[in-house]
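Participant: The structure follows.
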There are 2 protein chains.
Amino acid sequence: MNDKPKESLDHIRHTLAHLLAASVRELYPGAKNAIGPAVEDGFYQDFELPSPISESDLPKIEEKMREKLKSWTAFERREVSAEEAKKEFSWNEYKCELIDEFAGEGKTLTFYTIDGFIDLCKGGHAEHPAQDIAPDSFKLDRVAGAYWRGDETKPMLTRIYGLAFETKEALDAYLRMQEEAKKRDHRKLGRELDLFATSDLVGSGLPLFTPKGTILREEINAFSQGLRLARGFQKVWIPHITKNDLYKVSGHWDKFGHELFLVKSQETKDQFVLKPMNCPHHQQIYVSRPRSYRDLPIRYMSTTEVYRDEKTGELGGLSRVRAITQDDSHIFCTVDQIESEYQSIMEMVVEFYRVMGMQFRARLSFRDPAEPEKYLGDEALWERAQSQLENIAKSSNFEYFIAPGEAAFYGPKIDFMAMDAIGREHQLATGQLDFVQPARFGLVYTDTDGKDKMPVMIHLAIAGSLERFLSVYIEHTAGNFPLWLSPVQAAVLPIGEHHMAFAQEVSESLKAAGIRAELDERNETLGKKIRDWKLSKSPYALVIGDKEVEGKQVTIESRDNGKLGESSVDALIERLKKEITEKK
Amino acid sequence: MNDKPKESLDHIRHTLAHLLAASVRELYPGAKNAIGPAVEDGFYQDFELPSPISESDLPKIEEKMREKLKSWTAFERREVSAEEAKKEFSWNEYKCELIDEFAGEGKTLTFYTIDGFIDLCKGGHAEHPAQDIAPDSFKLDRVAGAYWRGDETKPMLTRIYGLAFETKEALDAYLRMQEEAKKRDHRKLGRELDLFATSDLVGSGLPLFTPKGTILREEINAFSQGLRLARGFQKVWIPHITKNDLYKVSGHWDKFGHELFLVKSQETKDQFVLKPMNCPHHQQIYVSRPRSYRDLPIRYMSTTEVYRDEKTGELGGLSRVRAITQDDSHIFCTVDQIESEYQSIMEMVVEFYRVMGMQFRARLSFRDPAEPEKYLGDEALWERAQSQLENIAKSSNFEYFIAPGEAAFYGPKIDFMAMDAIGREHQLATGQLDFVQPARFGLVYTDTDGKDKMPVMIHLAIAGSLERFLSVYIEHTAGNFPLWLSPVQAAVLPIGEHHMAFAQEVSESLKAAGIRAELDERNETLGKKIRDWKLSKSPYALVIGDKEVEGKQVTIESRDNGKLGESSVDALIERLKKEITEKK
């Protein structure tokens with residue numbers, strides 16, 4: 001991966017945060033600027049303002065920024081003492097707090113000055129803003145409240161967000177993508193298509209899935225599990241709560257204890273938690289019997305929930321939830337079997353994302369050779385495993401890149417980054433090697449020589465989190481699901497009352513063939529029925545009028561291909577079943 | 001139901017508890033008797049003993065009981081003051097504690113004396129023990145420790161259990177049934193057949209299901225859900241945790257708050273709980289959209305866990321667990337639709353228990369007309385609903401009985417009591433009307449007249465709890481599951497090395513046809529393979545030797561019907577698929 005352009009874009013964005021601070025301070029005397037970093041699509045700057053502002057003030061500020069940009073020719077860097085820094089910023093308690101903190105940590109303090117505007121900053125700017133930054137390549141976006149240092153007990157500041165790219169074209173493309181994303185917002189589509197609901201009584205981050213949304217969940221899961229069943233995986237079932245002892249042994253309690261939901265029994269003194277991951281449970285099933293080399297690989301899968309104690313403010317729709325359903329699985333195998341297991345993982349991931357219509361690239365997350373102490377497990381084992389993963393990637397015909405330092409401490413992994421229809425990349429599937437947990441839980445198998453050896457473990461999820469996958473997939477398809485996934489596969493639309501009997505017959509025949517048909521029994525015009533069918537995004541409508549009743553047939557309308565003409569019911573069923581089986 | 005014989009048997013059992021106390025006090029001077037009630041299959045008595053005893057002491061005590069019984073001709077009842085009672089029992093601090101407590105509650109204290117043995121007791125004895133109790137109709141069973149008043153902070157007493165029935169024949173029959181039950185113990189079979197595992201790290205009452213046990217769970221659930229899918233039920237998905245606000249509205253928080261697992265977030269102040277039931281969640285999906293009379297009945301189902309904060313000591317195998325998987329569902333319908341919905345419930349229950357090979361009878365749990373204040377909801381609604389339920393029961397062709405006073409406070413119900421192969425009755429399926437929750441959650445539908453009306457709700461579970469159902473069903477079948485449920489449906493047994501290739505081919509053909517085949521690849525004799533197959537209780541073995549390889553066929557051995565002879569692979573697959581589909 002070549003990160004160079006990204007870095008210099010970050011410099012531009014960071015520079016614009018300075019420019020925003022200078023402009024606001026000029027327009028609103030008494031304004032105090034706090035911090036202002038580059039972010040994913042631009043920058044922001046936090047302020048304490050003498051009076052509130054709104055989005056209608058942004059054009060004026062933007063204009064000021066463009067005006068000032070002309071004279072922002074070059075930054076001047078200067079190291080300063082804490083005393084000098086605090087003297088300069090005596091009017092700004094936020095900067096003073098930072099100065100005390102940095103000085104306390106023994107950091108060098110630096111001022112960056114440009115066109116008379118001084119800021120406390122550690123650097124990373126466009127070297128010559130007036131010439132490096134195109135005045136039409138950025139745009140102020142929105143205003144929000146933000147607690148100083150993200151702490152609810154501290155003052156609420158005003159945060160101004162800006163968008164910034166290398167060129168106006170890139171900015172415009174981003175704005176178009178945002179516009180498109182808004183239309184596809186899965187929260188909006190979730191409501192419109194009746195896929196899931198939320199309830200204040202149940203709580204945030206805990207969506208409830210309606211019958212239609214549940215069909216999506218179940219079909220996607222069945223597909224993911226079907227790929228694995230065909231490759232020797234077995235379903236197991238595990239409870240959602242456990243004594244925290246399990247995570248003390250696995251090591252998660254020490255590392256992530258504060259992120260867990262604690263479960264308090266009123267009857268026993270045992271300390272329970274809601275499980276944050278399934279691997280320790282799967283390993284408890286592994287150790288419940290003696291295992292031999294003949295039994296390996298053993299491959300367990302459970303589609304089940306894990307729980308994350310997220311901040312309420314960070315929750316939204318299905319993207320971030322508190323109860324996360326993973327299509328999880330764990331493979332226990334010998335070191336020799338790693339390559340063939342990953343081969344099979346690759347096949348499944350390719351097939352899954354092909355059907356989902358998403359391109360992906362693989363990230364080989366390896367350890368950082370400069371910091372071997374960050375990783376647990378045998379050196380030779382790491383080397384051998386990483387070269388096995390690279391072999392697989394080389395022999396596959398998809399894009400991959402190596403990311404040193406991205407490995408988990410317990411082993412290297414392959415993460416799969418899928419691209420959606422509007423160009424956003426999402427990390428969804430993952431296959432992670434683990435050399436550490438099998439040792440902690442004392443997993444062994446009896447080898448051919450009669451001796452006990454330790455298996456390695458591979459964590460594998462294909463969709464990842466069903467909720468997060470759905471949030472991506474609903475936006476990827478804009479709710480136009482393929483036939484096999486559609487909650488309603490065919491809407492049956494009788495034109496009038498006297499076409500109802502045959503429409504009912506058609507609907508029943510489809511249902512008997514396992515096709516999700518829905519009969520529109522309302523006393524409405526065909527026009528209204530067609531409009532509502534289009535809004536529902538169901539892939540087929542079957543119109544039934546005089547001609548159809550007489551000929552014992554239906555007229556097929558396709559969401560994607562318009563009017564398809566007449567068909568007998570048998571031929572229709574054949575056609576739909578074929579399309580469902582082929583997951584087209 | 002005629003409860004008369006049961007009551008007099010309770011009197012005999014309670015009398016035997018007195019007799020046990022008298023005998024132990026005679027044999028072990030200084031022994032203090034605490035309490036001694038009748039229980040389901042006999043009686044027990046708690047003692048503080050001068051020295052420990054074991055089961056080897058029971059025959060001696062039993063002999064003493066029989067000897068004393070001869071002179072136990074009649075009880076004498078006498079009301080006593082607290083002072084007099086405490087004087088008599090000054091040597092026994094347990095009785096003194098009870099005397100103080102009863103006196104404090106204003107209860108009348110009574111002594112029952114027989115053959116010189118005095119006990120504090122509120123009565124309920126066999127009137128003439130020497131003639132009412134057959135000396136061979138009881139038997140001391142076992143010794144256990146028990147805290148005084150069930151409180152871990154109080155002294156540990158010795159509890160002696162006895163079995164007692166009306167006759168020696170009834171006692172013998174019970175002992176045979178116990179013996180048979182021991183052989184069928186689902187915990188023992190669960191281990192032997194590798195169906196589930198437990199882990200000290202995970203905790204008691206939280207079993208983990210292995211691949212084989214998971215197949216049982218999934219097949220039973222698929223059958224139960226399939227019956228409902230065919231009758232218009234729709235799957236929905238709900239999270240396992242919720243803010244306690246949900247149960248405050250439903251009323252469960254006030255009534256059952258102390259039985260819930262409390263979930264503590266470290267990030268938010270919301271108080272969460274693990275859901276103890278699913279009805280409030282299903283109602284939140286109902287209220288997420290406007291509903292019309294045209295939409296009713298709406299029928300939601302989720303197979304999902306509910307949680308009960310049971311005492312650790314009360315947990316065992318699958319009979320009583322902390323995470324309970326229910327094949328739950330809720331119907332929302334008009335009052336007019338109650339009868340047809342119950343008609344459909346009856347059909348499903350009959351079909352389910354027919355396939356499971358269990359007889360059942362229905363208990364119509366109605367309100368107690370003597371205590372109308374115990375029940376919520378409109379009087380006329382109760383009358384109408386109860387008569388609808390009785391109509392259905394009458395028109396069905398299975399045994400039923402009316403149990404006044406067994407209704408829930410929120411509505412009448414039908415409970416189904418299934419009988420297992422050794423004569424034990426279990427309450428499993430249930431269909432409960434609910435007039436209360438729909439009002440609490442403000443459920444409405446727009447009726448034909450445009451006005452909002454309240455639907456009634458029916459709670460329905462067919463298997464009930466999957467864990468409890470399995471505990472019953474494993475013992476009912478003694479692990480000899482029918483083909484459709486068997487984790488391994490056919491064991492493929494090659495006689496020697498050179499039969500392996502064809503055996504593999506057979507195994508793959510079966511798997512491709514969706515049959516759960518398992519190939520025995522071990523280098524063992526056929527005798528050993530057959531023995532292990534029999535222990536596994538798999539319904540079919542397919543033996544493959546020279547003759548079979550040559551003729552491209554298999555020799556079928558059936559668990560239930562012995563050697564079935566040779567068959568081509570195609571005919572075998574046909575045969576098995578038919579048996580699976582018919583769930584025989």
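A note on labels: chains of the structure tokens are A, B, ... as shown, every chain counts residues from 1, and ligands are counted from 1 in their shown order.
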Leaving out Asp309 of chain A and any residue of its chain fewer than 5 positions from it, which residues lie within 12 Å of it when counting only C-alpha atoms, given as a ChimeraX atom specification?

Facilitator: /A:204-206,256-262,273-276,314-315,320-324 /B:241,263-270,272

Participant: Selected residues, C-alpha atoms, written as a JSON list (two decimals), in the first residue's frame, please.

Facilitator:
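The resulting file, again23.json, is reproduced below:
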```json
[["chain", "number", "residue", "atom", "x", "y", "z"],
["A", 204, "SER", "CA", -30.20, 1.88, 22.00],
["A", 205, "GLY", "CA", -27.95, -0.47, 20.08],
["A", 206, "LEU", "CA", -30.49, -3.26, 20.53],
["A", 256, "PHE", "CA", -10.88, -6.14, 27.93],
["A", 257, "GLY", "CA", -12.55, -6.53, 31.34],
["A", 258, "HIS", "CA", -13.75, -2.94, 31.33],
["A", 259, "GLU", "CA", -15.52, -3.39, 27.97],
["A", 260, "LEU", "CA", -17.69, -6.27, 29.18],
["A", 261, "PHE", "CA", -21.26, -6.28, 30.37],
["A", 262, "LEU", "CA", -21.18, -7.63, 33.91],
["A", 273, "VAL", "CA", -20.39, -11.73, 32.09],
["A", 274, "LEU", "CA", -22.09, -11.54, 28.73],
["A", 275, "LYS", "CA", -19.68, -13.23, 26.35],
["A", 276, "PRO", "CA", -17.60, -10.79, 24.26],
["A", 314, "GLU", "CA", -21.55, 5.75, 19.49],
["A", 315, "LEU", "CA", -24.52, 3.55, 18.56],
["A", 320, "ARG", "CA", -22.72, -0.31, 15.80],
["A", 321, "VAL", "CA", -24.84, -2.35, 18.19],
["A", 322, "ARG", "CA", -24.50, -3.74, 21.68],
["A", 323, "ALA", "CA", -25.54, -7.30, 20.79],
["A", 324, "ILE", "CA", -23.52, -8.42, 17.78],
["B", 241, "ILE", "CA", -30.64, -7.88, 26.90],
["B", 263, "VAL", "CA", -26.66, -6.61, 33.57],
["B", 264, "LYS", "CA", -24.35, -3.78, 34.47],
["B", 265, "SER", "CA", -22.94, -1.54, 31.79],
["B", 266, "GLN", "CA", -19.66, 0.13, 32.57],
["B", 267, "GLU", "CA", -20.38, 2.78, 29.91],
["B", 268, "THR", "CA", -23.98, 3.91, 30.46],
["B", 269, "LYS", "CA", -26.25, 4.36, 33.43],
["B", 270, "ASP", "CA", -29.09, 2.38, 31.86],
["B", 272, "PHE", "CA", -30.14, -3.73, 31.74]]
```

Participant: Report as a PyMOL selection string: the residues of segment 202-450 of chain A with a DSSP assignment of strand (DSSP E), based on the backbone of this structure.

Facilitator: chain A and resi 208-209+234-235+241-243+262-264+271-274+298-307+323-333+359-366+400-404+413-419+425-434+445-446

Participant: Using only C-alpha atoms, which chain B residues lie at most 6 Å away from chain A, written as a PyMOL selection string?

Facilitator: chain B and resi 201-203+208-211+214+234-238+242-243+245-246+261-265+267+311

Participant: May I ask for the distance between atom CA of Arg291 of chain A and atom CA of Asn221 of chain A, given in Å to one decimal place?

Facilitator: 29.0 Å

Participant: Restricting the calculation to only C-alpha atoms, which member of A:Gly565, A:Gly145, A:Gly116, A:Gly514 is positioned closest to Glu48 of chain A?

Facilitator: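 Using only C-alpha atoms, Glu48 of chain A sits closest to A:Gly145.
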
Participant: Residues at most 7 Å from segment 133-142 of chain A, counting only C-alpha atoms, excluding those fewer than 2 positions away in the same chain, as an NGL selection string?

Facilitator: :A and (12 or 55 or 58 or 62 or 66 or 129-131 or 144 or 160-168 or 171)

Participant: Please save C-alpha atoms of the selected residues as a tab-separated table (two decimals), in the first residue's frame.

Facilitator:
```tsv
chain	number	residue	atom	x	y	z
A	12	ILE	CA	-3.54	19.78	3.85
A	55	GLU	CA	-24.66	26.27	9.86
A	58	LEU	CA	-20.44	28.67	7.64
A	62	GLU	CA	-15.46	29.73	4.47
A	66	ARG	CA	-10.28	31.60	1.22
A	129	PRO	CA	-0.55	26.52	1.88
A	130	ALA	CA	-1.25	29.37	-0.54
A	131	GLN	CA	0.19	27.34	-3.36
A	144	ALA	CA	-21.82	20.10	16.40
A	160	ILE	CA	-16.88	22.96	13.12
A	161	TYR	CA	-16.34	20.19	10.58
A	162	GLY	CA	-14.84	20.71	7.14
A	163	LEU	CA	-14.42	18.45	4.11
A	164	ALA	CA	-11.16	18.62	2.19
A	165	PHE	CA	-9.61	16.76	-0.76
A	166	GLU	CA	-6.72	17.29	-3.15
A	167	THR	CA	-8.90	18.81	-5.86
A	168	LYS	CA	-12.34	20.28	-6.43
A	171	LEU	CA	-14.44	17.03	-3.26
```

Participant: Which residues are near Gly124 of chain B? Cut-off 8 Å, only C-alpha atoms, ignore same chain within fewer than 6 positions. Put them as a PyMOL selection string.

Facilitator: chain B and resi 10-11+14

Participant: At a cut-off of 12 Å, using only C-alpha atoms, what residues contact Pro372 of chain B? Leave out same-chain residues fewer than 2 positions from it and give the result as a list in words.

Facilitator: Phe366, Arg367, Asp368, Pro369, Ala370, Lys374, Tyr375, Leu376, Gly377, Asp378, Glu379, Ala380, Trp382, Glu383, Pro404, Gly405, Ala407, Phe409, Tyr410 and Gly411 of chain B

Participant: Which is closest to Ile530 of chain A among A:Ile458, A:Ala517, A:Ala126, A:Ala491, if we use only C-alpha atoms?

Facilitator: A:Ala491
